[in-house]
$ cat target-v9.cif   # mmCIF, C-alpha atoms and all ligand atoms
data_input
loop_
_atom_site.label_atom_id
_atom_site.label_comp_id
_atom_site.auth_asym_id
_atom_site.auth_seq_id
_atom_site.Cartn_x
_atom_site.Cartn_y
_atom_site.Cartn_z
CA MET A 139 88.63 98.72 140.46
CA ARG A 140 86.26 98.79 137.51
CA ARG A 141 87.13 101.13 134.66
CA LYS A 142 84.08 103.18 133.76
CA LEU A 143 82.54 102.71 130.33
CA VAL A 144 80.48 105.24 128.38
CA VAL A 145 78.71 103.97 125.26
CA GLY A 146 76.87 106.13 122.75
CA ASN A 147 73.84 104.40 121.22
CA TRP A 148 73.14 106.38 118.08
CA LYS A 149 69.93 104.38 117.44
CA MET A 150 68.63 105.03 113.87
CA ASN A 151 70.19 108.46 113.53
CA GLY A 152 72.96 110.08 111.55
CA ASN A 153 74.24 110.25 108.01
CA ARG A 154 77.69 109.69 106.59
CA ALA A 155 78.75 113.34 106.65
CA ALA A 156 77.38 114.06 110.14
CA ASN A 157 78.91 110.87 111.56
CA THR A 158 82.34 111.73 110.20
CA GLU A 159 82.09 115.20 111.69
CA LEU A 160 80.91 113.88 115.07
CA LEU A 161 83.67 111.28 115.30
CA ALA A 162 86.38 113.74 114.29
CA ALA A 163 85.20 116.14 116.98
CA LEU A 164 85.09 113.36 119.60
CA LYS A 165 88.58 112.22 118.67
CA ALA A 166 89.78 115.77 119.17
CA ALA A 167 87.97 116.00 122.53
CA GLY A 168 89.44 112.73 123.86
CA PRO A 169 91.12 110.68 125.10
CA TRP A 170 89.27 110.11 128.36
CA VAL A 171 90.07 108.26 131.54
CA ALA A 172 86.93 106.20 131.02
CA GLU A 173 86.60 103.74 128.16
CA VAL A 174 84.38 105.20 125.43
CA ALA A 175 82.55 103.48 122.57
CA VAL A 176 79.90 104.32 119.99
CA CYS A 177 77.29 101.87 118.72
CA ALA A 178 76.33 102.86 115.19
CA PRO A 179 73.73 101.59 112.71
CA PHE A 180 74.99 98.59 110.70
CA ALA A 181 75.24 100.60 107.49
CA TYR A 182 77.83 102.94 108.98
CA LEU A 183 80.12 100.41 110.67
CA GLY A 184 82.64 100.44 107.82
CA ASP A 185 82.86 104.24 107.94
CA VAL A 186 83.09 104.25 111.74
CA ALA A 187 85.86 101.64 111.67
CA MET A 188 87.82 103.82 109.26
CA SER A 189 87.26 106.99 111.29
CA LEU A 190 88.26 105.39 114.60
CA GLN A 191 91.11 103.18 113.43
CA GLY A 192 94.04 103.83 115.77
CA ASP A 193 91.95 105.88 118.23
CA ALA A 194 91.26 104.79 121.81
CA MET A 195 87.50 104.91 121.18
CA ALA A 196 85.89 101.55 120.44
CA TRP A 197 82.83 100.90 118.32
CA GLY A 198 80.02 98.44 118.13
CA ALA A 199 76.57 97.62 116.77
CA GLN A 200 73.07 97.85 118.19
CA ASP A 201 71.96 94.27 117.63
CA CYS A 202 73.12 90.97 116.14
CA SER A 203 71.49 87.78 114.98
CA ALA A 204 71.26 84.78 117.28
CA PHE A 205 72.11 82.62 114.25
CA GLU A 206 75.51 81.91 112.79
CA SER A 207 74.60 82.33 109.10
CA GLY A 208 71.95 81.28 106.61
CA ALA A 209 68.52 82.22 105.31
CA TYR A 210 67.73 85.02 107.74
CA THR A 211 66.89 87.96 105.49
CA GLY A 212 67.74 91.29 107.07
CA GLU A 213 69.78 89.83 109.91
CA VAL A 214 73.42 90.65 110.61
CA SER A 215 75.61 88.03 112.26
CA ALA A 216 78.08 88.50 115.08
CA ALA A 217 80.83 87.19 112.77
CA MET A 218 80.10 90.06 110.36
CA LEU A 219 80.32 92.60 113.17
CA ALA A 220 83.64 91.12 114.28
CA GLU A 221 84.94 91.57 110.74
CA PHE A 222 84.26 95.28 111.03
CA GLY A 223 86.30 95.54 114.21
CA CYS A 224 83.34 95.89 116.58
CA ARG A 225 84.20 95.43 120.26
CA TYR A 226 80.62 95.73 121.53
CA VAL A 227 77.11 94.83 120.52
CA ILE A 228 73.96 95.95 122.30
CA ASN A 229 71.55 93.08 122.93
CA GLY A 230 67.98 93.34 124.15
CA HIS A 231 67.55 97.09 124.01
CA SER A 232 64.01 97.86 125.17
CA GLU A 233 63.16 99.30 121.75
CA ARG A 234 63.92 95.91 120.21
CA ARG A 235 62.11 94.04 122.97
CA ALA A 236 59.04 96.24 122.42
CA LEU A 237 59.05 96.84 118.65
CA HIS A 238 60.49 93.51 117.53
CA ALA A 239 59.05 91.30 120.26
CA GLU A 240 62.46 90.08 121.40
CA SER A 241 62.02 87.60 124.23
CA ASP A 242 64.36 87.18 127.20
CA GLN A 243 65.59 83.92 125.66
CA LEU A 244 66.24 85.45 122.22
CA VAL A 245 68.24 88.23 123.86
CA ALA A 246 70.27 85.61 125.73
CA ASP A 247 70.86 83.63 122.51
CA LYS A 248 72.06 86.81 120.78
CA ALA A 249 74.50 87.49 123.60
CA LYS A 250 75.80 83.92 123.27
CA ALA A 251 76.31 84.39 119.52
CA ALA A 252 78.17 87.65 120.20
CA LEU A 253 80.50 86.03 122.73
CA ALA A 254 81.27 83.22 120.30
CA HIS A 255 82.83 85.87 118.08
CA ARG A 256 84.65 87.66 120.89
CA LEU A 257 82.28 90.61 120.93
CA THR A 258 81.23 91.99 124.29
CA PRO A 259 77.44 91.99 124.58
CA ILE A 260 75.90 94.97 126.33
CA VAL A 261 72.77 93.30 127.65
CA CYS A 262 69.96 95.74 128.41
CA VAL A 263 67.37 95.18 131.09
CA GLY A 264 64.71 97.51 132.40
CA GLU A 265 61.09 97.82 133.42
CA THR A 266 58.26 99.66 131.66
CA LEU A 267 56.38 102.51 133.30
CA ALA A 268 53.46 100.18 134.16
CA GLU A 269 55.83 97.67 135.76
CA TYR A 270 57.58 100.46 137.65
CA GLU A 271 54.27 101.78 138.97
CA ALA A 272 53.25 98.28 139.98
CA GLY A 273 56.44 97.92 142.03
CA GLN A 274 57.74 95.14 139.78
CA THR A 275 61.12 96.63 138.87
CA ASP A 276 63.35 94.13 140.69
CA GLU A 277 61.29 91.16 139.55
CA VAL A 278 61.42 92.24 135.88
CA VAL A 279 65.14 93.01 135.68
CA LYS A 280 66.00 89.82 137.55
CA ARG A 281 63.90 87.75 135.14
CA GLN A 282 65.55 89.41 132.14
CA LEU A 283 69.07 88.90 133.50
CA SER A 284 68.34 85.37 134.66
CA ALA A 285 67.74 84.18 131.07
CA VAL A 286 71.18 85.48 130.10
CA ILE A 287 72.86 83.91 133.15
CA HIS A 288 71.30 80.52 132.42
CA THR A 289 72.26 80.62 128.76
CA LEU A 290 75.83 81.84 129.19
CA GLY A 291 76.80 79.96 132.36
CA HIS A 292 80.19 81.07 133.68
CA CYS A 293 80.69 83.24 130.55
CA ILE A 294 78.23 85.71 132.08
CA SER A 295 81.30 87.43 133.55
CA GLN A 296 82.19 88.61 130.02
CA VAL A 297 79.08 90.71 129.44
CA VAL A 298 78.33 94.31 130.27
CA VAL A 299 74.87 94.83 131.76
CA ALA A 300 72.91 98.03 131.13
CA TYR A 301 69.97 99.01 133.32
CA GLU A 302 67.64 101.20 131.27
CA PRO A 303 64.25 101.92 132.82
CA VAL A 304 61.97 102.21 129.80
CA TRP A 305 60.16 105.17 131.35
CA ALA A 306 63.43 107.12 131.41
CA ILE A 307 64.46 106.56 127.79
CA GLY A 308 64.16 109.66 125.64
CA THR A 309 61.68 111.18 128.07
CA GLY A 310 63.94 113.53 130.00
CA LYS A 311 62.90 111.64 133.17
CA THR A 312 65.94 110.08 134.80
CA ALA A 313 65.95 107.62 137.62
CA THR A 314 67.47 109.40 140.61
CA PRO A 315 71.01 108.25 141.37
CA GLU A 316 69.65 106.48 144.47
CA GLN A 317 66.88 104.71 142.51
CA ALA A 318 69.34 103.57 139.86
CA GLN A 319 71.90 102.47 142.46
CA ALA A 320 69.29 100.34 144.23
CA VAL A 321 68.53 98.44 141.01
CA HIS A 322 72.22 98.13 140.14
CA ALA A 323 72.84 96.61 143.57
CA VAL A 324 70.10 94.05 142.92
CA LEU A 325 71.71 93.17 139.58
CA ARG A 326 75.19 92.96 141.16
CA ALA A 327 73.88 90.59 143.83
CA GLN A 328 72.31 88.40 141.15
CA LEU A 329 75.59 88.35 139.22
CA LYS A 330 77.49 87.49 142.41
CA ALA A 331 75.35 84.42 142.86
CA ALA A 332 76.32 83.36 139.32
CA THR A 333 80.01 84.20 139.06
CA ALA A 334 82.98 84.92 141.29
CA GLN A 335 83.89 87.72 138.86
CA ALA A 336 80.81 89.87 139.51
CA ASP A 337 82.80 92.59 141.26
CA GLY A 338 84.77 93.17 138.07
CA MET A 339 81.68 93.41 135.84
CA ARG A 340 80.38 96.71 134.58
CA ILE A 341 76.75 97.69 135.02
CA LEU A 342 75.82 100.80 133.01
CA TYR A 343 72.86 103.10 133.55
CA GLY A 344 70.87 104.40 130.57
CA GLY A 345 67.89 106.72 130.26
CA SER A 346 68.14 110.48 129.75
CA VAL A 347 71.76 110.72 130.89
CA LYS A 348 72.89 114.31 130.27
CA PRO A 349 75.97 116.34 131.25
CA ASP A 350 74.12 117.77 134.25
CA ASN A 351 73.13 114.44 135.81
CA ALA A 352 76.04 112.24 134.69
CA THR A 353 78.37 113.01 137.61
CA SER A 354 75.85 112.15 140.31
CA LEU A 355 74.79 108.95 138.54
CA PHE A 356 78.37 107.81 137.89
CA SER A 357 79.41 108.46 141.49
CA GLN A 358 77.13 105.68 142.76
CA PRO A 359 79.07 102.59 143.86
CA ASP A 360 77.45 100.15 141.42
CA ILE A 361 77.03 102.47 138.43
CA ASP A 362 80.00 101.84 136.18
CA GLY A 363 79.19 104.21 133.35
CA GLY A 364 76.35 104.94 130.96
CA LEU A 365 74.55 103.95 127.80
CA ILE A 366 73.73 107.26 126.17
CA GLY A 367 71.06 107.86 123.51
CA GLY A 368 70.14 111.41 122.51
CA ALA A 369 73.11 113.11 124.14
CA SER A 370 75.56 110.85 122.25
CA LEU A 371 74.67 112.67 119.02
CA LYS A 372 75.88 116.01 120.33
CA THR A 373 79.66 116.32 120.56
CA ALA A 374 79.80 118.71 123.49
CA ASP A 375 77.25 116.75 125.54
CA PHE A 376 78.78 113.35 124.87
CA ALA A 377 82.29 114.64 125.58
CA ALA A 378 81.09 116.14 128.85
CA ILE A 379 79.46 112.86 129.87
CA CYS A 380 82.68 110.98 129.03
CA ARG A 381 84.61 113.44 131.18
CA ALA A 382 82.12 112.99 134.03
CA ALA A 383 82.97 109.28 134.03
CA GLY A 384 86.71 109.98 134.35
P1 LIG A 401 68.28 108.51 125.93
O1 LIG A 401 69.66 108.82 126.48
O2 LIG A 401 67.98 109.26 124.67
O3 LIG A 401 67.22 108.58 126.96
O4 LIG A 401 68.34 106.94 125.46
C1 LIG A 401 68.81 106.00 126.34
C2 LIG A 401 68.99 104.73 125.58
O5 LIG A 401 68.03 104.11 125.19
C3 LIG A 401 70.37 104.28 125.32
O6 LIG A 401 70.39 102.98 124.84
#

$ encode --input "target-v9.cif" --output "structure tokens" --more "lines below"
Ligand code: 13P
Amino acid sequence: MRRKLVVGNWKMNGNRAANTELLAALKAAGPWVAEVAVCAPFAYLGDVAMSLQGDAMAWGAQDCSAFESGAYTGEVSAAMLAEFGCRYVINGHSERRALHAESDQLVADKAKAALAHRLTPIVCVGETLAEYEAGQTDEVVKRQLSAVIHTLGHCISQVVVAYEPVWAIGTGKTATPEQAQAVHAVLRAQLKAATAQADGMRILYGGSVKPDNATSLFSQPDIDGGLIGGASLKTADFAAICRAAG
């Protein structure tokens, strides 16, 4: 039985006062049956660690460097994230693939760096609207996941996979539960071919998850929780989504 996981991806939002308020309200609203985590901007990780110390909620970052240390101005290493108590790090979010030209291989290398420091990578895959319309969804997500499988080998069992169709992110358009389930089943089959532990791995759905669609998405057999953008910034909405995963 896989324990559901709900992760809030704050993206580049928040400020110190608002974050403290949000986390205090979430602490009061929890605990939940599902595992819950928030992925905050780097600058706030120290604050988040202090706010959530001793709470069941975990925290993480939204990216990490593929390199260990050195002359990489602006980069943040996995070792640094581990020092701040991060459990998770998002790798290969579509916004980074699109805006920062992150390749499948770079995403895989970042996940490897994260694992080396005992962080759990949340590896994002997902097709663009053009790829979706061209019927290329399965091909695209399999290619993206394949790079990670080849780079991590048997350690692939330690990652969380997130399917986020780019056309559903921040648009209010959600994949239907059936559409999402079909892609999750493709990803699960690919993982099964790579590791005997695939049945224990969590595959999250992301893209306009809201309190009113969370239950139907999370009730699909291969949807093990969600990666939540906009709704993770609103206490009542995020708490409701966490409850829906219970
Ligand atoms: P929204 O929930 O705002 O669509 O964002 C999804 C996402 O990109 C989470 O990583």

$ residues_around --input "target-v9.cif" --residues "region 174-190 of chain A" --least-positions-apart "4" --cutoff "10 Å" --atoms "only C-alpha atoms" --output "NGL selection string"
:A and (142-154 or 157-159 or 161-162 or 164-165 or 168-170 or 194-202 or 214 or 218-219 or 221-228 or 363-367 or 370-371 or 376-377 or 380 or 383)

$ closest_residue --input "target-v9.cif" --among "A:Arg381, A:Lys330, A:Lys348, A:Arg141" --to "ligand LIG 401 (chain A)" --atoms "all atoms listed in the file"
A:Lys348

$ axis_aligned_box --input "target-v9.cif" --around "ligand LIG 401 (chain A)" --padding-each-side "3 Å" --output "AutoDock Vina command-line options"
--center_x 68.8 --center_y 106.1 --center_z 125.8 --size_x 9.2 --size_y 12.3 --size_z 8.3

$ closest_residue --input "target-v9.cif" --among "A:Gln296, A:Ser346, A:Asn351, A:Thr275" --to "Ala320 (chain A)" --atoms "all atoms listed in the file"
A:Thr275

$ closest_atom_pairs --input "target-v9.cif" --of "chain A" --to "ligand LIG 401 (chain A)" --cutoff "7 Å" --atoms "all atoms listed in the file" --output "tab-separated table"
residue	atom	partner	partner_atom	distance
A:Asn147	CA	A:LIG401	O6	5.2
A:His231	CA	A:LIG401	O6	6.6
A:Glu302	CA	A:LIG401	O5	6.8
A:Ala306	CA	A:LIG401	O3	6.0
A:Ile307	CA	A:LIG401	O3	3.5
A:Gly308	CA	A:LIG401	O3	3.5
A:Thr309	CA	A:LIG401	O3	6.2
A:Gly310	CA	A:LIG401	O3	6.7
A:Gly344	CA	A:LIG401	C1	5.0
A:Gly345	CA	A:LIG401	O3	3.8
A:Ser346	CA	A:LIG401	O3	3.5
A:Val347	CA	A:LIG401	O1	5.2
A:Leu365	CA	A:LIG401	C3	4.9
A:Ile366	CA	A:LIG401	O1	4.4
A:Gly367	CA	A:LIG401	O1	3.4
A:Gly368	CA	A:LIG401	O2	3.7
A:Ala369	CA	A:LIG401	O1	6.0

$ atom_distance --input "target-v9.cif" --atom1 "CA of Pro315 (chain A)" --atom2 "CA of Ile379 (chain A)"
15.0 Å

$ closest_residue --input "target-v9.cif" --among "A:Ile361, A:Ala246, A:Ala374, A:Cys293" --to "Gln335 (chain A)" --atoms "only C-alpha atoms"
A:Cys293

$ atom_distance --input "target-v9.cif" --atom1 "CA of Val279 (chain A)" --atom2 "CA of Glu265 (chain A)"
6.7 Å

$ closest_residue --input "target-v9.cif" --among "A:Ala336, A:Ala272, A:Ala254, A:Leu267" --to "His322 (chain A)" --atoms "only C-alpha atoms"
A:Ala336

$ atom_distance --input "target-v9.cif" --atom1 "CA of Ser241 (chain A)" --atom2 "CA of His292 (chain A)"
21.5 Å

$ residues_around --input "target-v9.cif" --residues "Ala300 (chain A)" --least-positions-apart "2" --cutoff "6 Å" --atoms "only C-alpha atoms" --output "number ranges by chain"
A: 261-262, 341-343

$ closest_residue --input "target-v9.cif" --among "A:Ser203, A:Asn229, A:Ser295, A:Thr266" --to "Leu329 (chain A)" --atoms "all atoms listed in the file"
A:Ser295

$ closest_residue --input "target-v9.cif" --among "A:Ala156, A:Ala382, A:Leu355, A:Ala249" --to "Thr314 (chain A)" --atoms "all atoms listed in the file"
A:Leu355

$ residues_near_point --input "target-v9.cif" --point "(75.4, 85.1, 126.3)" --cutoff "9 Å" --atoms "all atoms listed in the file" --output "CSV table (one decimal) with C-alpha atoms, in the frame of the given file"
chain,number,residue,atom,x,y,z
A,245,VAL,CA,68.2,88.2,123.9
A,246,ALA,CA,70.3,85.6,125.7
A,247,ASP,CA,70.9,83.6,122.5
A,248,LYS,CA,72.1,86.8,120.8
A,249,ALA,CA,74.5,87.5,123.6
A,250,LYS,CA,75.8,83.9,123.3
A,251,ALA,CA,76.3,84.4,119.5
A,252,ALA,CA,78.2,87.6,120.2
A,253,LEU,CA,80.5,86.0,122.7
A,254,ALA,CA,81.3,83.2,120.3
A,259,PRO,CA,77.4,92.0,124.6
A,261,VAL,CA,72.8,93.3,127.6
A,286,VAL,CA,71.2,85.5,130.1
A,287,ILE,CA,72.9,83.9,133.2
A,288,HIS,CA,71.3,80.5,132.4
A,289,THR,CA,72.3,80.6,128.8
A,290,LEU,CA,75.8,81.8,129.2
A,291,GLY,CA,76.8,80.0,132.4
A,293,CYS,CA,80.7,83.2,130.6
A,294,ILE,CA,78.2,85.7,132.1
A,296,GLN,CA,82.2,88.6,130.0
A,297,VAL,CA,79.1,90.7,129.4

$ residues_near_point --input "target-v9.cif" --point "(58.5, 99.8, 128.7)" --cutoff "8 Å" --atoms "only C-alpha atoms" --output "ChimeraX atom specification"
/A:232,236,264-269,303-305

$ write_last_selection --input "target-v9.cif" --atoms "C-alpha atoms" --output "mmCIF file, keeping the file's coordinate frame"
data_model
loop_
_atom_site.group_PDB
_atom_site.id
_atom_site.type_symbol
_atom_site.label_atom_id
_atom_site.label_comp_id
_atom_site.auth_asym_id
_atom_site.auth_seq_id
_atom_site.Cartn_x
_atom_site.Cartn_y
_atom_site.Cartn_z
ATOM 1 C CA SER A 232 64.010 97.860 125.170
ATOM 2 C CA ALA A 236 59.040 96.240 122.420
ATOM 3 C CA GLY A 264 64.710 97.510 132.400
ATOM 4 C CA GLU A 265 61.090 97.820 133.420
ATOM 5 C CA THR A 266 58.260 99.660 131.660
ATOM 6 C CA LEU A 267 56.380 102.510 133.300
ATOM 7 C CA ALA A 268 53.460 100.180 134.160
ATOM 8 C CA GLU A 269 55.830 97.670 135.760
ATOM 9 C CA PRO A 303 64.250 101.920 132.820
ATOM 10 C CA VAL A 304 61.970 102.210 129.800
ATOM 11 C CA TRP A 305 60.160 105.170 131.350
#

$ decode --input "target-v9.cif" --residues "region 365-376 of chain A" --atoms "N, CA, C and O atoms" --output "compact mmCIF listing (two decimals), in the first residue's frame"
# COMPACT_ATOMS: atom_id res chain seq x y z
N LEU A 365 1.16 17.22 -6.89
CA LEU A 365 2.13 18.31 -6.80
C LEU A 365 1.31 19.58 -7.11
O LEU A 365 0.80 19.74 -8.22
N ILE A 366 1.19 20.43 -6.10
CA ILE A 366 0.19 21.49 -6.14
C ILE A 366 0.86 22.85 -6.25
O ILE A 366 1.69 23.20 -5.40
N GLY A 367 0.51 23.62 -7.27
CA GLY A 367 1.07 24.96 -7.43
C GLY A 367 0.20 26.00 -6.74
O GLY A 367 0.22 26.15 -5.52
N GLY A 368 -0.60 26.70 -7.52
CA GLY A 368 -1.41 27.82 -7.02
C GLY A 368 -2.17 27.53 -5.74
O GLY A 368 -2.16 28.34 -4.80
N ALA A 369 -2.83 26.39 -5.69
CA ALA A 369 -3.67 26.09 -4.52
C ALA A 369 -2.85 25.84 -3.26
O ALA A 369 -3.39 25.85 -2.15
N SER A 370 -1.52 25.64 -3.39
CA SER A 370 -0.72 25.38 -2.19
C SER A 370 -0.42 26.67 -1.43
O SER A 370 0.11 26.64 -0.33
N LEU A 371 -0.77 27.81 -2.04
CA LEU A 371 -0.53 29.10 -1.37
C LEU A 371 -1.73 29.55 -0.57
O LEU A 371 -1.68 30.57 0.12
N LYS A 372 -2.82 28.82 -0.67
CA LYS A 372 -4.04 29.17 0.07
C LYS A 372 -4.29 28.09 1.11
O LYS A 372 -4.55 26.92 0.75
N THR A 373 -4.27 28.48 2.37
CA THR A 373 -4.36 27.49 3.45
C THR A 373 -5.55 26.57 3.30
O THR A 373 -5.41 25.34 3.35
N ALA A 374 -6.73 27.15 3.12
CA ALA A 374 -7.95 26.32 3.11
C ALA A 374 -7.92 25.35 1.93
O ALA A 374 -8.28 24.17 2.09
N ASP A 375 -7.47 25.81 0.78
CA ASP A 375 -7.43 24.95 -0.41
C ASP A 375 -6.40 23.83 -0.23
O ASP A 375 -6.68 22.66 -0.53
N PHE A 376 -5.22 24.19 0.24
CA PHE A 376 -4.17 23.17 0.38
C PHE A 376 -4.58 22.14 1.44
O PHE A 376 -4.41 20.94 1.24
